[in-house]
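Data from model14.pdb: PDB, C-alpha atoms
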```
ATOM      1  CA  MET J1153     -12.574 -12.665  -3.625  1.00  0.00           C
ATOM      2  CA  LYS J1154     -13.579  -9.845  -5.938  1.00  0.00           C
ATOM      3  CA  PHE J1155     -10.711  -8.186  -7.862  1.00  0.00           C
ATOM      4  CA  VAL J1156     -11.315  -4.676  -9.198  1.00  0.00           C
ATOM      5  CA  GLU J1157      -8.556  -3.174 -11.346  1.00  0.00           C
ATOM      6  CA  THR J1158      -8.116   0.545 -10.734  1.00  0.00           C
ATOM      7  CA  GLU J1159      -7.238   3.356 -13.145  1.00  0.00           C
ATOM      8  CA  LEU J1160      -3.567   2.585 -12.401  1.00  0.00           C
ATOM      9  CA  ALA J1161      -2.736  -0.489 -14.486  1.00  0.00           C
ATOM     10  CA  GLY J1162      -1.892  -3.538 -12.413  1.00  0.00           C
ATOM     11  CA  VAL J1163      -3.282  -2.085  -9.159  1.00  0.00           C
ATOM     12  CA  PHE J1164      -6.224  -4.011  -7.722  1.00  0.00           C
ATOM     13  CA  ILE J1165      -8.646  -3.381  -4.890  1.00  0.00           C
ATOM     14  CA  ILE J1166      -9.635  -6.757  -3.524  1.00  0.00           C
ATOM     15  CA  ASP J1167     -12.801  -7.348  -1.534  1.00  0.00           C
ATOM     16  CA  VAL J1168     -12.953 -10.598   0.374  1.00  0.00           C
ATOM     17  CA  ASP J1169     -16.018 -12.803   0.557  1.00  0.00           C
ATOM     18  CA  TYR J1170     -16.668 -12.579   4.295  1.00  0.00           C
ATOM     19  CA  ARG J1171     -19.113 -15.196   5.523  1.00  0.00           C
ATOM     20  CA  THR J1172     -20.749 -15.092   8.910  1.00  0.00           C
ATOM     21  CA  ASP J1173     -22.691 -17.468  11.084  1.00  0.00           C
ATOM     22  CA  SER J1174     -23.483 -17.817  14.783  1.00  0.00           C
ATOM     23  CA  ARG J1175     -19.776 -18.316  15.574  1.00  0.00           C
ATOM     24  CA  GLY J1176     -18.548 -15.155  13.851  1.00  0.00           C
ATOM     25  CA  GLY J1177     -16.979 -14.887  10.423  1.00  0.00           C
ATOM     26  CA  PHE J1178     -14.430 -16.270   8.002  1.00  0.00           C
ATOM     27  CA  ALA J1179     -12.779 -14.986   4.821  1.00  0.00           C
ATOM     28  CA  ARG J1180      -9.968 -16.215   2.634  1.00  0.00           C
ATOM     29  CA  THR J1181      -7.462 -13.374   2.138  1.00  0.00           C
ATOM     30  CA  PHE J1182      -5.114 -15.132  -0.251  1.00  0.00           C
ATOM     31  CA  CYS J1183      -5.513 -17.913  -2.797  1.00  0.00           C
ATOM     32  CA  ARG J1184      -2.814 -18.343  -5.408  1.00  0.00           C
ATOM     33  CA  ASP J1185      -5.246 -19.762  -7.967  1.00  0.00           C
ATOM     34  CA  GLU J1186      -7.749 -16.898  -7.563  1.00  0.00           C
ATOM     35  CA  PHE J1187      -4.985 -14.312  -7.840  1.00  0.00           C
ATOM     36  CA  ILE J1188      -3.572 -15.924 -10.989  1.00  0.00           C
ATOM     37  CA  ALA J1189      -7.058 -16.196 -12.540  1.00  0.00           C
ATOM     38  CA  ALA J1190      -7.536 -12.449 -11.927  1.00  0.00           C
ATOM     39  CA  GLY J1191      -4.169 -11.639 -13.526  1.00  0.00           C
ATOM     40  CA  VAL J1192      -2.542 -10.674 -10.231  1.00  0.00           C
ATOM     41  CA  PRO J1193       0.963 -12.001  -9.472  1.00  0.00           C
ATOM     42  CA  ALA J1194       0.812 -14.548  -6.662  1.00  0.00           C
ATOM     43  CA  SER J1195       4.321 -15.365  -5.476  1.00  0.00           C
ATOM     44  CA  ILE J1196       4.453 -14.373  -1.802  1.00  0.00           C
ATOM     45  CA  VAL J1197       7.889 -14.758  -0.150  1.00  0.00           C
ATOM     46  CA  GLN J1198       7.759 -12.457   2.894  1.00  0.00           C
ATOM     47  CA  GLY J1199       5.244 -10.930   5.281  1.00  0.00           C
ATOM     48  CA  ALA J1200       5.315  -8.094   7.802  1.00  0.00           C
ATOM     49  CA  THR J1201       3.057  -6.081  10.100  1.00  0.00           C
ATOM     50  CA  SER J1202       3.083  -2.460  11.159  1.00  0.00           C
ATOM     51  CA  PHE J1203       1.375  -1.381  14.390  1.00  0.00           C
ATOM     52  CA  ASN J1204       0.459   2.275  14.811  1.00  0.00           C
ATOM     53  CA  ALA J1205      -0.765   3.336  18.251  1.00  0.00           C
ATOM     54  CA  ARG J1206      -2.278   6.718  17.339  1.00  0.00           C
ATOM     55  CA  ALA J1207      -4.680   8.017  14.744  1.00  0.00           C
ATOM     56  CA  GLY J1208      -2.938  10.573  12.539  1.00  0.00           C
ATOM     57  CA  THR J1209       0.260   8.525  12.150  1.00  0.00           C
ATOM     58  CA  LEU J1210       1.796   8.858   8.690  1.00  0.00           C
ATOM     59  CA  ARG J1211       4.303   6.418   7.208  1.00  0.00           C
ATOM     60  CA  GLY J1212       5.752   6.816   3.736  1.00  0.00           C
ATOM     61  CA  LEU J1213       5.885   7.268   0.880  1.00  0.00           C
ATOM     62  CA  HIS J1214       8.375   4.366   0.537  1.00  0.00           C
ATOM     63  CA  PHE J1215       9.591   2.003  -2.177  1.00  0.00           C
ATOM     64  CA  GLN J1216      12.411  -0.440  -2.933  1.00  0.00           C
ATOM     65  CA  GLU J1217      14.601   0.540  -5.873  1.00  0.00           C
ATOM     66  CA  PRO J1218      15.132  -1.853  -8.787  1.00  0.00           C
ATOM     67  CA  PRO J1219      16.289  -4.555  -8.994  1.00  0.00           C
ATOM     68  CA  HIS J1220      14.823  -5.011  -5.496  1.00  0.00           C
ATOM     69  CA  SER J1221      11.329  -3.649  -6.244  1.00  0.00           C
ATOM     70  CA  GLN J1222       8.500  -5.398  -4.427  1.00  0.00           C
ATOM     71  CA  SER J1223       4.854  -6.024  -5.194  1.00  0.00           C
ATOM     72  CA  LYS J1224       2.714  -5.849  -2.048  1.00  0.00           C
ATOM     73  CA  LEU J1225      -0.629  -7.009  -0.825  1.00  0.00           C
ATOM     74  CA  VAL J1226      -1.737  -4.662   1.981  1.00  0.00           C
ATOM     75  CA  ARG J1227      -4.656  -4.794   4.417  1.00  0.00           C
ATOM     76  CA  ALA J1228      -5.647  -3.443   7.825  1.00  0.00           C
ATOM     77  CA  THR J1229      -6.095  -6.163  10.433  1.00  0.00           C
ATOM     78  CA  SER J1230      -7.262  -3.644  13.048  1.00  0.00           C
ATOM     79  CA  GLY J1231      -8.256  -0.002  12.821  1.00  0.00           C
ATOM     80  CA  ALA J1232      -8.353   1.998   9.587  1.00  0.00           C
ATOM     81  CA  MET J1233      -5.967   3.775   7.255  1.00  0.00           C
ATOM     82  CA  TYR J1234      -5.941   6.041   4.229  1.00  0.00           C
ATOM     83  CA  ASP J1235      -3.608   4.109   1.934  1.00  0.00           C
ATOM     84  CA  VAL J1236      -1.810   5.981  -0.867  1.00  0.00           C
ATOM     85  CA  ILE J1237       0.311   4.729  -3.751  1.00  0.00           C
ATOM     86  CA  VAL J1238       2.216   6.632  -6.461  1.00  0.00           C
ATOM     87  CA  ASP J1239       3.050   5.145  -9.869  1.00  0.00           C
ATOM     88  CA  LEU J1240       6.832   5.378 -10.399  1.00  0.00           C
ATOM     89  CA  ARG J1241       6.950   3.321 -13.624  1.00  0.00           C
ATOM     90  CA  PRO J1242       8.406   5.685 -16.269  1.00  0.00           C
ATOM     91  CA  GLU J1243       6.839   3.678 -19.116  1.00  0.00           C
ATOM     92  CA  SER J1244       3.355   3.821 -17.546  1.00  0.00           C
ATOM     93  CA  ALA J1245       0.555   6.011 -18.896  1.00  0.00           C
ATOM     94  CA  THR J1246      -0.179   6.887 -15.238  1.00  0.00           C
ATOM     95  CA  TYR J1247       3.425   7.696 -14.284  1.00  0.00           C
ATOM     96  CA  ARG J1248       3.504  10.050 -11.268  1.00  0.00           C
ATOM     97  CA  ARG J1249      -0.229   9.682 -10.558  1.00  0.00           C
ATOM     98  CA  HIS J1250      -1.491   8.537  -7.185  1.00  0.00           C
ATOM     99  CA  LEU J1251      -4.381   6.481  -5.913  1.00  0.00           C
ATOM    100  CA  ALA J1252      -5.863   6.538  -2.407  1.00  0.00           C
ATOM    101  CA  VAL J1253      -8.185   4.005  -0.802  1.00  0.00           C
ATOM    102  CA  GLU J1254      -9.466   3.459   2.731  1.00  0.00           C
ATOM    103  CA  LEU J1255      -8.500   0.079   4.122  1.00  0.00           C
ATOM    104  CA  SER J1256      -9.968  -1.000   7.447  1.00  0.00           C
ATOM    105  CA  ALA J1257     -10.593  -4.018   9.594  1.00  0.00           C
ATOM    106  CA  GLN J1258     -14.282  -3.267   9.139  1.00  0.00           C
ATOM    107  CA  ASN J1259     -14.355  -3.146   5.304  1.00  0.00           C
ATOM    108  CA  ARG J1260     -11.755  -5.973   5.028  1.00  0.00           C
ATOM    109  CA  ARG J1261     -10.578  -4.462   1.745  1.00  0.00           C
ATOM    110  CA  MET J1262      -7.078  -5.198   0.437  1.00  0.00           C
ATOM    111  CA  LEU J1263      -4.864  -3.387  -2.063  1.00  0.00           C
ATOM    112  CA  PHE J1264      -2.485  -5.106  -4.472  1.00  0.00           C
ATOM    113  CA  ILE J1265       0.421  -2.780  -5.342  1.00  0.00           C
ATOM    114  CA  PRO J1266       2.723  -3.744  -8.249  1.00  0.00           C
ATOM    115  CA  LYS J1267       6.465  -3.196  -8.350  1.00  0.00           C
ATOM    116  CA  GLN J1268       7.720   0.378  -8.777  1.00  0.00           C
ATOM    117  CA  PHE J1269       5.062   2.130  -6.714  1.00  0.00           C
ATOM    118  CA  ALA J1270       5.693   4.314  -3.692  1.00  0.00           C
ATOM    119  CA  HIS J1271       3.439   3.429  -0.772  1.00  0.00           C
ATOM    120  CA  GLY J1272       2.350   5.239   2.361  1.00  0.00           C
ATOM    121  CA  PHE J1273      -0.588   5.579   4.698  1.00  0.00           C
ATOM    122  CA  LEU J1274      -2.198   7.772   7.323  1.00  0.00           C
ATOM    123  CA  THR J1275      -3.955   6.032  10.196  1.00  0.00           C
ATOM    124  CA  LEU J1276      -7.572   7.041  10.721  1.00  0.00           C
ATOM    125  CA  SER J1277      -8.010   5.369  14.102  1.00  0.00           C
ATOM    126  CA  ASP J1278      -5.936   4.417  17.110  1.00  0.00           C
ATOM    127  CA  ALA J1279      -4.440   0.923  17.246  1.00  0.00           C
ATOM    128  CA  THR J1280      -4.217   0.412  13.486  1.00  0.00           C
ATOM    129  CA  GLU J1281      -2.272  -2.637  12.383  1.00  0.00           C
ATOM    130  CA  ILE J1282      -1.322  -3.293   8.785  1.00  0.00           C
ATOM    131  CA  GLU J1283      -0.363  -6.625   7.256  1.00  0.00           C
ATOM    132  CA  TYR J1284       1.915  -6.755   4.220  1.00  0.00           C
ATOM    133  CA  LEU J1285       2.687  -9.694   1.936  1.00  0.00           C
ATOM    134  CA  PHE J1286       5.625  -9.209  -0.478  1.00  0.00           C
ATOM    135  CA  ASP J1287       6.767 -11.000  -3.619  1.00  0.00           C
ATOM    136  CA  GLU J1288      10.435 -10.156  -2.957  1.00  0.00           C
ATOM    137  CA  VAL J1289      12.453 -10.091   0.252  1.00  0.00           C
ATOM    138  CA  TYR J1290      13.403  -6.764   1.789  1.00  0.00           C
ATOM    139  CA  ALA J1291      16.802  -5.514   0.603  1.00  0.00           C
ATOM    140  CA  PRO J1292      18.533  -3.189   3.101  1.00  0.00           C
ATOM    141  CA  GLY J1293      20.097  -0.238   1.311  1.00  0.00           C
ATOM    142  CA  ALA J1294      17.585  -0.292  -1.580  1.00  0.00           C
ATOM    143  CA  GLU J1295      15.049   1.926   0.186  1.00  0.00           C
ATOM    144  CA  GLY J1296      13.741   5.026  -1.467  1.00  0.00           C
ATOM    145  CA  GLY J1297      10.993   7.500  -0.785  1.00  0.00           C
ATOM    146  CA  ILE J1298       9.185  10.648  -1.806  1.00  0.00           C
ATOM    147  CA  ASN J1299       7.752  13.372   0.369  1.00  0.00           C
ATOM    148  CA  TYR J1300       4.137  12.906   1.448  1.00  0.00           C
ATOM    149  CA  ALA J1301       3.461  16.662   1.143  1.00  0.00           C
ATOM    150  CA  ASP J1302       4.931  17.182  -2.349  1.00  0.00           C
ATOM    151  CA  PRO J1303       2.501  19.582  -4.089  1.00  0.00           C
ATOM    152  CA  GLU J1304       3.209  17.870  -7.421  1.00  0.00           C
ATOM    153  CA  LEU J1305       1.499  14.753  -6.079  1.00  0.00           C
ATOM    154  CA  GLY J1306      -1.630  16.608  -4.969  1.00  0.00           C
ATOM    155  CA  ILE J1307      -2.451  14.127  -2.210  1.00  0.00           C
ATOM    156  CA  ARG J1308      -5.277  15.365   0.013  1.00  0.00           C
ATOM    157  CA  TRP J1309      -4.714  13.664   3.337  1.00  0.00           C
ATOM    158  CA  PRO J1310      -8.093  13.333   5.116  1.00  0.00           C
ATOM    159  CA  ARG J1311      -6.939  14.420   8.561  1.00  0.00           C
ATOM    160  CA  ARG J1312      -4.147  16.237  10.354  1.00  0.00           C
ATOM    161  CA  ILE J1313      -0.836  14.407  10.563  1.00  0.00           C
ATOM    162  CA  GLU J1314       0.122  14.046  14.218  1.00  0.00           C
ATOM    163  CA  VAL J1315       2.921  11.460  14.212  1.00  0.00           C
ATOM    164  CA  ILE J1316       5.606  11.192  11.517  1.00  0.00           C
ATOM    165  CA  ALA J1317       9.218  10.055  11.570  1.00  0.00           C
ATOM    166  CA  ASP J1318      11.888  12.669  10.822  1.00  0.00           C
ATOM    167  CA  ARG J1319      13.060  10.396   7.994  1.00  0.00           C
ATOM    168  CA  ASP J1320       9.633  10.532   6.301  1.00  0.00           C
ATOM    169  CA  ARG J1321       9.227  14.267   6.900  1.00  0.00           C
ATOM    170  CA  SER J1322      12.530  14.927   5.111  1.00  0.00           C
ATOM    171  CA  LEU J1323      12.068  12.666   2.059  1.00  0.00           C
ATOM    172  CA  PRO J1324      12.725  14.459  -1.249  1.00  0.00           C
ATOM    173  CA  PRO J1325      10.030  15.601  -3.664  1.00  0.00           C
ATOM    174  CA  LEU J1326       9.148  13.464  -6.659  1.00  0.00           C
ATOM    175  CA  SER J1327      11.038  15.814  -9.008  1.00  0.00           C
ATOM    176  CA  ALA J1328      14.315  14.990  -7.199  1.00  0.00           C
ATOM    177  CA  LEU J1329      14.120  11.288  -8.100  1.00  0.00           C
ATOM    178  CA  ALA J1330      15.798   9.863 -11.145  1.00  0.00           C
ATOM    179  CA  ALA J1331      13.455   7.618 -13.116  1.00  0.00           C
ATOM    180  CA  LEU J1332      13.431   4.081 -11.754  1.00  0.00           C
ATOM    181  CA  ARG J1333      14.826   1.461 -14.080  1.00  0.00           C
TER     182      ARG J1333
END
```

Can you present the structure in this file as structure tokens?
Amino acid sequence: MKFVETELAGVFIIDVDYRTDSRGGFARTFCRDEFIAAGVPASIVQGATSFNARAGTLRGLHFQEPPHSQSKLVRATSGAMYDVIVDLRPESATYRRHLAVELSAQNRRMLFIPKQFAHGFLTLSDATEIEYLFDEVYAPGAEGGINYADPELGIRWPRRIEVIADRDRSLPPLSALAALR
């Protein structure tokens, strides 16, 4: 695996070493030792998938509030998505900045997201499935979120949003959040 740290400290884009032969292909998508060697936390305790039937589906921007914050490893197992994260670490030099990356089954790229980041995505194709690996278990009642269209964030979504939950549409702007602890 190739780990590339982004301009947001602790956030890594990870490209897998996909090998092919006459049978098809194979790639390792997680190896504790490789993650640790790259300086990426490697304690996975929970996994989940999200299936999205239609292109233009937006989910997010979500996070778990401290002390239940989660680091995530995210990848598309089918389809494609425009994945967006927002730094919510008050002590960070990139506090309130966002990063966007295309993750797809075709590019096999993954994104490691540290604790205290909001996360969301917009599907770019029908039948997009996302796999998540978490370093903490989900804590009901600790959910938080910020509005995907908040002008302060300046996110330029690459296509029209066609499907969005009322809950996500009505999330507050970033300015309404108290700093995470």

Nearest to J:Lys1267, restricted to all atoms listed in the file and choosing among J:Met1233, J:Ala1161, J:Leu1251, J:Ala1317, comes out as J:Ala1161

Counting all atoms listed in the file, which residues in stretch 1203-1230 of chain J sit no more than 10 Å from stretch 1176-1195 of chain J? For each one, give the nearest pair of atoms and the distance in Å, sorted by chain then residue number, as CSV.
```
residue,atom,partner,partner_atom,distance
J:Ser1223,CA,J:Pro1193,CA,8.3
J:Lys1224,CA,J:Pro1193,CA,9.8
J:Leu1225,CA,J:Phe1182,CA,9.3
J:Arg1227,CA,J:Thr1181,CA,9.3
```

Closest of J:His1250, J:Asn1204, J:Arg1211, J:Val1197 to J:Arg1319 - atom-to-atom distances counting all atoms listed in the file: J:Arg1211

Students should find that atom CA of J:Leu1240 and atom CA of J:Ile1265 are spaced 11.5 Å

Taking the file as shown, what set of residues would the PyMOL selection byres ((chain J and resi 1218) around 9) give back, as a list in words? Gln1216, Glu1217, Pro1219, His1220, Ser1221, Gln1222, Lys1267, Gln1268, Ala1294, Leu1332 and Arg1333 of chain J

Store the residues picked out above in a file with C-alpha atoms, as a PDB file, keeping the file's coordinate frame.
```pdb
ATOM      1  CA  GLN J1216      12.411  -0.440  -2.933  1.00  0.00           C
ATOM      2  CA  GLU J1217      14.601   0.540  -5.873  1.00  0.00           C
ATOM      3  CA  PRO J1219      16.289  -4.555  -8.994  1.00  0.00           C
ATOM      4  CA  HIS J1220      14.823  -5.011  -5.496  1.00  0.00           C
ATOM      5  CA  SER J1221      11.329  -3.649  -6.244  1.00  0.00           C
ATOM      6  CA  GLN J1222       8.500  -5.398  -4.427  1.00  0.00           C
ATOM      7  CA  LYS J1267       6.465  -3.196  -8.350  1.00  0.00           C
ATOM      8  CA  GLN J1268       7.720   0.378  -8.777  1.00  0.00           C
ATOM      9  CA  ALA J1294      17.585  -0.292  -1.580  1.00  0.00           C
ATOM     10  CA  LEU J1332      13.431   4.081 -11.754  1.00  0.00           C
ATOM     11  CA  ARG J1333      14.826   1.461 -14.080  1.00  0.00           C
TER      12      ARG J1333
END
```

Name the closest residue to J:Leu1285 among the candidates J:Tyr1300, J:Trp1309, J:Tyr1170, J:Phe1264; distances are taken between atoms, counting all atoms listed in the file.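 Counting all atoms listed in the file, the residue closest to J:Leu1285 is J:Phe1264.
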
Will you give me stretch 1221-1326 of chain J, written with C-alpha atoms and laid out as an mmCIF file, in the first residue's frame?
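Below is the file selection21.cif, written as the result:
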```
data_model
loop_
_atom_site.group_PDB
_atom_site.id
_atom_site.type_symbol
_atom_site.label_atom_id
_atom_site.label_comp_id
_atom_site.auth_asym_id
_atom_site.auth_seq_id
_atom_site.Cartn_x
_atom_site.Cartn_y
_atom_site.Cartn_z
ATOM 1 C CA SER J 1221 -15.078 10.162 18.136
ATOM 2 C CA GLN J 1222 -14.108 7.600 15.517
ATOM 3 C CA SER J 1223 -11.267 7.292 13.046
ATOM 4 C CA LYS J 1224 -12.426 5.725 9.773
ATOM 5 C CA LEU J 1225 -10.978 3.949 6.811
ATOM 6 C CA VAL J 1226 -13.346 4.465 3.855
ATOM 7 C CA ARG J 1227 -13.431 2.965 0.360
ATOM 8 C CA ALA J 1228 -15.897 2.322 -2.456
ATOM 9 C CA THR J 1229 -16.433 -1.369 -3.154
ATOM 10 C CA SER J 1230 -18.700 -0.611 -6.126
ATOM 11 C CA GLY J 1231 -19.459 2.579 -8.011
ATOM 12 C CA ALA J 1232 -17.872 5.952 -7.248
ATOM 13 C CA MET J 1233 -18.233 8.783 -4.769
ATOM 14 C CA TYR J 1234 -16.974 12.281 -4.085
ATOM 15 C CA ASP J 1235 -15.827 11.914 -0.480
ATOM 16 C CA VAL J 1236 -15.558 15.040 1.697
ATOM 17 C CA ILE J 1237 -14.143 15.548 5.178
ATOM 18 C CA VAL J 1238 -14.012 18.660 7.392
ATOM 19 C CA ASP J 1239 -11.404 19.178 10.121
ATOM 20 C CA LEU J 1240 -13.222 19.824 13.426
ATOM 21 C CA ARG J 1241 -10.116 19.727 15.661
ATOM 22 C CA PRO J 1242 -9.970 23.178 17.324
ATOM 23 C CA GLU J 1243 -6.220 22.853 17.972
ATOM 24 C CA SER J 1244 -5.474 22.008 14.318
ATOM 25 C CA ALA J 1245 -3.824 24.450 11.914
ATOM 26 C CA THR J 1246 -6.421 23.284 9.349
ATOM 27 C CA TYR J 1247 -9.449 23.651 11.641
ATOM 28 C CA ARG J 1248 -12.633 24.118 9.570
ATOM 29 C CA ARG J 1249 -10.918 23.267 6.267
ATOM 30 C CA HIS J 1250 -12.194 20.493 4.041
ATOM 31 C CA LEU J 1251 -10.672 17.946 1.719
ATOM 32 C CA ALA J 1252 -12.410 16.124 -1.136
ATOM 33 C CA VAL J 1253 -11.252 13.022 -2.987
ATOM 34 C CA GLU J 1254 -12.876 10.679 -5.494
ATOM 35 C CA LEU J 1255 -13.052 7.113 -4.250
ATOM 36 C CA SER J 1256 -14.205 4.411 -6.647
ATOM 37 C CA ALA J 1257 -14.189 0.694 -7.184
ATOM 38 C CA GLN J 1258 -12.108 1.402 -10.274
ATOM 39 C CA ASN J 1259 -9.338 3.475 -8.615
ATOM 40 C CA ARG J 1260 -9.440 1.316 -5.428
ATOM 41 C CA ARG J 1261 -8.329 4.352 -3.431
ATOM 42 C CA MET J 1262 -9.034 4.555 0.307
ATOM 43 C CA LEU J 1263 -9.190 7.494 2.710
ATOM 44 C CA PHE J 1264 -8.073 7.370 6.336
ATOM 45 C CA ILE J 1265 -10.006 9.943 8.400
ATOM 46 C CA PRO J 1266 -8.791 10.718 11.950
ATOM 47 C CA LYS J 1267 -11.025 11.411 14.924
ATOM 48 C CA GLN J 1268 -12.864 14.748 15.017
ATOM 49 C CA PHE J 1269 -13.588 15.066 11.307
ATOM 50 C CA ALA J 1270 -17.016 15.409 9.746
ATOM 51 C CA HIS J 1271 -17.517 13.046 6.821
ATOM 52 C CA GLY J 1272 -19.914 12.934 3.902
ATOM 53 C CA PHE J 1273 -20.108 11.889 0.286
ATOM 54 C CA LEU J 1274 -22.003 12.342 -2.954
ATOM 55 C CA THR J 1275 -22.399 9.294 -5.172
ATOM 56 C CA LEU J 1276 -21.174 9.722 -8.734
ATOM 57 C CA SER J 1277 -22.702 6.531 -10.112
ATOM 58 C CA ASP J 1278 -25.651 4.263 -9.468
ATOM 59 C CA ALA J 1279 -25.166 1.269 -7.172
ATOM 60 C CA THR J 1280 -22.359 2.777 -5.100
ATOM 61 C CA GLU J 1281 -21.406 0.822 -2.006
ATOM 62 C CA ILE J 1282 -19.062 2.155 0.641
ATOM 63 C CA GLU J 1283 -17.137 0.132 3.203
ATOM 64 C CA TYR J 1284 -16.155 1.688 6.525
ATOM 65 C CA LEU J 1285 -13.737 0.382 9.154
ATOM 66 C CA PHE J 1286 -13.822 2.173 12.541
ATOM 67 C CA ASP J 1287 -11.456 2.308 15.501
ATOM 68 C CA GLU J 1288 -14.322 2.858 17.969
ATOM 69 C CA VAL J 1289 -17.798 1.355 18.150
ATOM 70 C CA TYR J 1290 -20.791 3.457 17.168
ATOM 71 C CA ALA J 1291 -22.332 5.293 20.131
ATOM 72 C CA PRO J 1292 -26.049 6.078 19.677
ATOM 73 C CA GLY J 1293 -26.821 9.597 20.851
ATOM 74 C CA ALA J 1294 -23.304 10.924 20.110
ATOM 75 C CA GLU J 1295 -24.071 11.798 16.488
ATOM 76 C CA GLY J 1296 -23.400 15.243 15.171
ATOM 77 C CA GLY J 1297 -23.368 16.885 11.788
ATOM 78 C CA ILE J 1298 -22.897 20.023 9.750
ATOM 79 C CA ASN J 1299 -24.779 21.171 6.694
ATOM 80 C CA TYR J 1300 -23.357 20.051 3.350
ATOM 81 C CA ALA J 1301 -24.283 23.393 1.729
ATOM 82 C CA ASP J 1302 -22.783 25.702 4.382
ATOM 83 C CA PRO J 1303 -21.141 28.542 2.398
ATOM 84 C CA GLU J 1304 -18.428 28.822 5.061
ATOM 85 C CA LEU J 1305 -17.183 25.385 4.024
ATOM 86 C CA GLY J 1306 -16.996 26.259 0.328
ATOM 87 C CA ILE J 1307 -17.531 22.677 -0.825
ATOM 88 C CA ARG J 1308 -18.069 22.464 -4.583
ATOM 89 C CA TRP J 1309 -20.102 19.322 -5.096
ATOM 90 C CA PRO J 1310 -19.374 17.970 -8.608
ATOM 91 C CA ARG J 1311 -22.954 17.181 -9.579
ATOM 92 C CA ARG J 1312 -26.546 17.942 -8.667
ATOM 93 C CA ILE J 1313 -27.800 16.419 -5.433
ATOM 94 C CA GLU J 1314 -30.836 14.273 -6.199
ATOM 95 C CA VAL J 1315 -31.342 12.190 -3.048
ATOM 96 C CA ILE J 1316 -30.777 13.470 0.499
ATOM 97 C CA ALA J 1317 -32.367 12.635 3.834
ATOM 98 C CA ASP J 1318 -34.373 15.380 5.555
ATOM 99 C CA ARG J 1319 -32.055 14.942 8.550
ATOM 100 C CA ASP J 1320 -28.974 15.773 6.441
ATOM 101 C CA ARG J 1321 -30.697 18.644 4.636
ATOM 102 C CA SER J 1322 -31.508 20.281 7.983
ATOM 103 C CA LEU J 1323 -28.122 19.895 9.723
ATOM 104 C CA PRO J 1324 -26.819 23.162 11.211
ATOM 105 C CA PRO J 1325 -24.030 25.259 9.719
ATOM 106 C CA LEU J 1326 -20.502 24.929 11.044
#
```
